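Asker: Once you've had a glance at the structure underneath, I'll fire off some questions.
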Amino acid sequence: MKKICTAGLFLCVSLGLTGCWDRTEINDIAFVIGSGVDKEDGLYRSTLQIALPGSLGGSGSEGGGGGTAGKKKYYLESKTGITLRNANLKIQAGNSRRLSYAHRRTLLVGEDFAKGGINQMLDQFARIPQNRLSSLVAITEGPAYKILDASAPMEQFPSEMIRELMNQLTRRPITLKRLANDLLTTGVDVSLPYISLQQAVPESVGDKKEKKNIQITGLALFSGERFAGILKGPEVKTILLAMNQSKTSNLVLPSPVGNGNISLMFTESMVTLSPVIHGDNITMHMDILAKGSVIENNSNYDLGNEKHMKRLEQEASKEMIALIRSGLHKLQDEYHSDALGFGRTIHQKKPRDWDRLKNRWAELYPKVSVVINTNLHIENIGAVNKPFGRRDVELHHE
């Protein structure tokens with residue numbers, strides 16, 4: 001009897017292992033690889049970039065369906081709704097396959113949408129477990145759906161190109177998870193890559209069809225959840241360096257003597273912030289340690305002696321400090337965005353002072369004085385000491 005009961009128990013257990021009753025076949029799924037959100041006539045527009053599996057097999061395969069034409073390996077679906085989730089449900093209603101968001105790599109937010117606040121879009125991404133909080137987030141110039149359908153000749157999908165660009169820009173690109181954390185963290189404001197379409201080649205080159213490419217052209221700055229403005233120009237790289245987020249930072253310096261320019265690239269950097277507080281007077285000490293190399297010298301400045309290198313490092317320090325100060329002026333006085341996290345630094349290092357200042361931080365932040373100290377080392381000047389192709393008599397020697 002005991003043997004019969006044991007055999008029956010094993011039989012019952014094995015019944016649950018006989019098949020995948022709740023399986024979903026892969027050819028019944030539409031993989032969303034990128035998405036964009038926009039605001040349009042008071043409604044939310046959701047745009048999904050969906051992979052065409054039939055066109056991903058290589059040079060011998062032919063394009064997939066979905067009403068697409070040409071060689072694109074994706075197609076776009078876009079609908080408007082009273083909420084983003086409502087817009088996505090409308091897209092699903094017109095799609096023969098079940099939408100899967102588990103492979104989404106990037107989320108683009110149109111500039112007009114961002115001006116209304118970015119926290120309004122976050123709930124649907126956290127509430128549905130399938131959504132990846134590791135998706136990278138960026139702000140676009142103009143509608144996000146135009147960027148999602150732009151040319152990306154080096155990658156299979158525009159969303160993949162955008163992801164690679166963001167990984168090149170910073171050490172820790174902003175994900176959905178980090179975006180939510182920064183919005184909820186006291187003493188720091190969000191900054192996101194600003195993406196736009198730029199002319200790829202002059203109109204006189206190649207065919208007459210206008211060619212534009214996806215580029216990161218600045219940083220979108222926020223004050224709280226409010227969109228504050230765009231930081232562009234050479235200050236972007238140095239502000240990222242001051243945020244401890246820059247992978248590389250480039251400087252182009254006029255030659256210390258004579259004509260021409262010298263280009264430097266700093267590939268290692270570390271920035272330390274130290275607050276000094278007396279009452280309501282706040283001074284932030286910024287100490288920068290950076291190591292780099294000379295990547296171009298089209299001047300007659302000889303880099304072959306130690307005295308010249310020392311002077312070049314001094315000139316590089318002056319230029320870096322000037323660019324950081326220019327960027328800080330825009331952050332503090334124009335945009336009122338604490339993207340460098342001065343408030344968070346005070347909160348971490350002087351919590352008692354922060355308890356006293358936090359309710360007035362929006363008023364105090366523009367008045368914070370910043371003292372910048374640099375320690376720059378140019379460790380590599382390349383394969384040649386002297387400017388290549390110039391006679392020794394043309395060079396400046398000390």
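Chain labels follow the order of the structure tokens: the first chain is A, the next B, and so on; residue numbering restarts at 1 in every chain, and ligands are counted from 1 in their shown order.
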Could you pull out the strand (DSSP E or B) residues of range 144-338 of chain A, going by DSSP on the backbone, and write them as a ChimeraX atom specification?
Answerer: /A:170,175,191-199,212-223,226-231,246,249-254,261-278,281-297,301
Asker: Need to verify the contact set: Asn261 in chain A, 7 Å, only C-alpha atoms, exclusion of same-chain residues closer than 5 positions in sequence. Can you return it as a list in words?
Answerer: Val252, Leu253, Pro254, Ser255, Asn297, Asn298 and Ser299 of chain A
Asker: Got time to write the residues from that selection, C-alpha atoms, as a compact mmCIF listing (two decimals), in the first residue's frame?
Answerer:
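In the end it all went to selection.txt:
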```txt
# COMPACT_ATOMS: atom_id res chain seq x y z
CA VAL A 252 42.10 73.17 -27.70
CA LEU A 253 44.65 75.75 -26.54
CA PRO A 254 46.31 78.59 -28.43
CA SER A 255 50.03 77.97 -28.55
CA ASN A 297 50.19 70.20 -32.32
CA ASN A 298 49.91 72.43 -35.37
CA SER A 299 51.97 75.23 -33.82
```
Asker: Excluding same-chain residues fewer than 6 positions from range 179-186 of chain A, what lies within 7 Å of it counting only C-alpha atoms, as a short mmCIF file (atom, residue, chain, number, x, y, z; two decimals) with C-alpha atoms, in the first residue's frame?
Answerer:
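Output saved as around_23.cif:
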```cif
data_model
loop_
_atom_site.label_atom_id
_atom_site.label_comp_id
_atom_site.auth_asym_id
_atom_site.auth_seq_id
_atom_site.Cartn_x
_atom_site.Cartn_y
_atom_site.Cartn_z
CA GLY A 224 13.47 69.83 -9.71
CA GLU A 225 11.11 68.21 -12.19
CA ARG A 344 23.80 66.71 -2.02
#
```
Asker: Excluding range 100-112 of chain A and its own-chain neighbours fewer than 2 positions away, which residues fall within 6 Å of it when counting only C-alpha atoms? Please give them as a list in words.
Answerer: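 Selected residues are Ala30, Phe31, Val32, Ile33, Gly34, Ser35, Gly36, Val37, Asp38, Ala114, Lys115, Gln130, Asn131, Arg132, Ser135, Leu136, Val137, Ala138, Ile139, Thr140, Glu141, Gly142, Pro143, Ala144 and Ser159 of chain A.
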Asker: CA of Lys237 in chain A and CA of Ser326 in chain A, how far apart in Å?
Answerer: 12.0 Å
Asker: Which is closest to Gly229 in chain A among A:His336, A:Lys72, A:Lys367, A:Lys39, if we use only C-alpha atoms?
Answerer: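 Under the stated criterion, the closest residue is A:His336.
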Asker: Calculated over only C-alpha atoms, which of the candidates A:Glu313, A:Asp355, A:Asp280, A:Glu319 has the smallest distance to Val368 in chain A?
Answerer: A:Asp280
Asker: For Asp41 in chain A, find every residue with an atom within 12 Å (counting only C-alpha atoms), except residues of its own chain fewer than 2 positions away, and show them as a list in words.
Answerer: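 The neighbour list is Asp38, Lys39, Leu43, Tyr44, Arg45, Thr80, Gly81, Ile82, Asp112 and Phe113 of chain A.
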Asker: Among range 41-231 of chain A, which residues does DSSP mark as alpha helix (DSSP H) when it is run on the backbone? Keep the chain and numbering as in the structure and answer as a ChimeraX atom specification.
Answerer: /A:84-93,111-115,122-127,144-148,158-169,176-184
Asker: Show me, as a list in words, the residues that have an atom within 7 Å of Leu76 in chain A when counting only C-alpha atoms, minus same-chain residues fewer than 5 positions from it.
Answerer: Thr47, Leu48, Gln49 and Ile50 of chain A
Asker: Dump N, CA and C atoms for the selected residues as a PDB file, in the first residue's frame?
Answerer:
```pdb
ATOM      1  N   THR A  47       5.471  56.522 -29.266  1.00  0.00           N
ATOM      2  CA  THR A  47       6.017  55.972 -30.500  1.00  0.00           C
ATOM      3  C   THR A  47       6.921  54.803 -30.140  1.00  0.00           C
ATOM      4  N   LEU A  48       6.686  53.659 -30.766  1.00  0.00           N
ATOM      5  CA  LEU A  48       7.468  52.459 -30.483  1.00  0.00           C
ATOM      6  C   LEU A  48       8.265  52.064 -31.718  1.00  0.00           C
ATOM      7  N   GLN A  49       9.520  51.765 -31.500  1.00  0.00           N
ATOM      8  CA  GLN A  49      10.383  51.235 -32.554  1.00  0.00           C
ATOM      9  C   GLN A  49      10.448  49.724 -32.383  1.00  0.00           C
ATOM     10  N   ILE A  50       9.927  48.997 -33.350  1.00  0.00           N
ATOM     11  CA  ILE A  50       9.746  47.547 -33.238  1.00  0.00           C
ATOM     12  C   ILE A  50      10.647  46.851 -34.239  1.00  0.00           C
TER      13      ILE A  50
END
```
Asker: Provide the CA of Met286 in chain A to CA of Ile381 in chain A distance in Å, to one decimal place.
Answerer: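 For CA of Met286 in chain A relative to CA of Ile381 in chain A, the distance reads 27.1 Å.
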Asker: With distances taken over only C-alpha atoms, which of A:Phe157, A:Asn244, A:His278, A:Leu133 is nearest to Arg178 in chain A?
Answerer: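 Result for the nearest residue to Arg178 in chain A: A:Leu133.
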Asker: Identify, on the basis of only C-alpha atoms, every residue whose closest approach to Ser134 in chain A does not exceed 7 Å; exclude the query and any residue fewer than 5 positions from it along the same chain; express the result as a ChimeraX atom specification.
Answerer: /A:175-177
Asker: How about saving the chosen residues, N, CA, C and O atoms kept, as a short mmCIF file (atom, residue, chain, number, x, y, z; two decimals), in the first residue's frame?
Answerer:
```
data_model
loop_
_atom_site.label_atom_id
_atom_site.label_comp_id
_atom_site.auth_asym_id
_atom_site.auth_seq_id
_atom_site.Cartn_x
_atom_site.Cartn_y
_atom_site.Cartn_z
N THR A 175 19.82 56.02 -16.52
CA THR A 175 18.78 55.02 -16.77
C THR A 175 17.47 55.49 -16.14
O THR A 175 17.43 56.47 -15.38
N LEU A 176 16.39 54.78 -16.45
CA LEU A 176 15.11 55.10 -15.83
C LEU A 176 15.19 55.02 -14.31
O LEU A 176 14.64 55.87 -13.60
N LYS A 177 15.89 54.01 -13.81
CA LYS A 177 16.03 53.85 -12.37
C LYS A 177 16.78 55.02 -11.76
O LYS A 177 16.36 55.58 -10.74
#
```
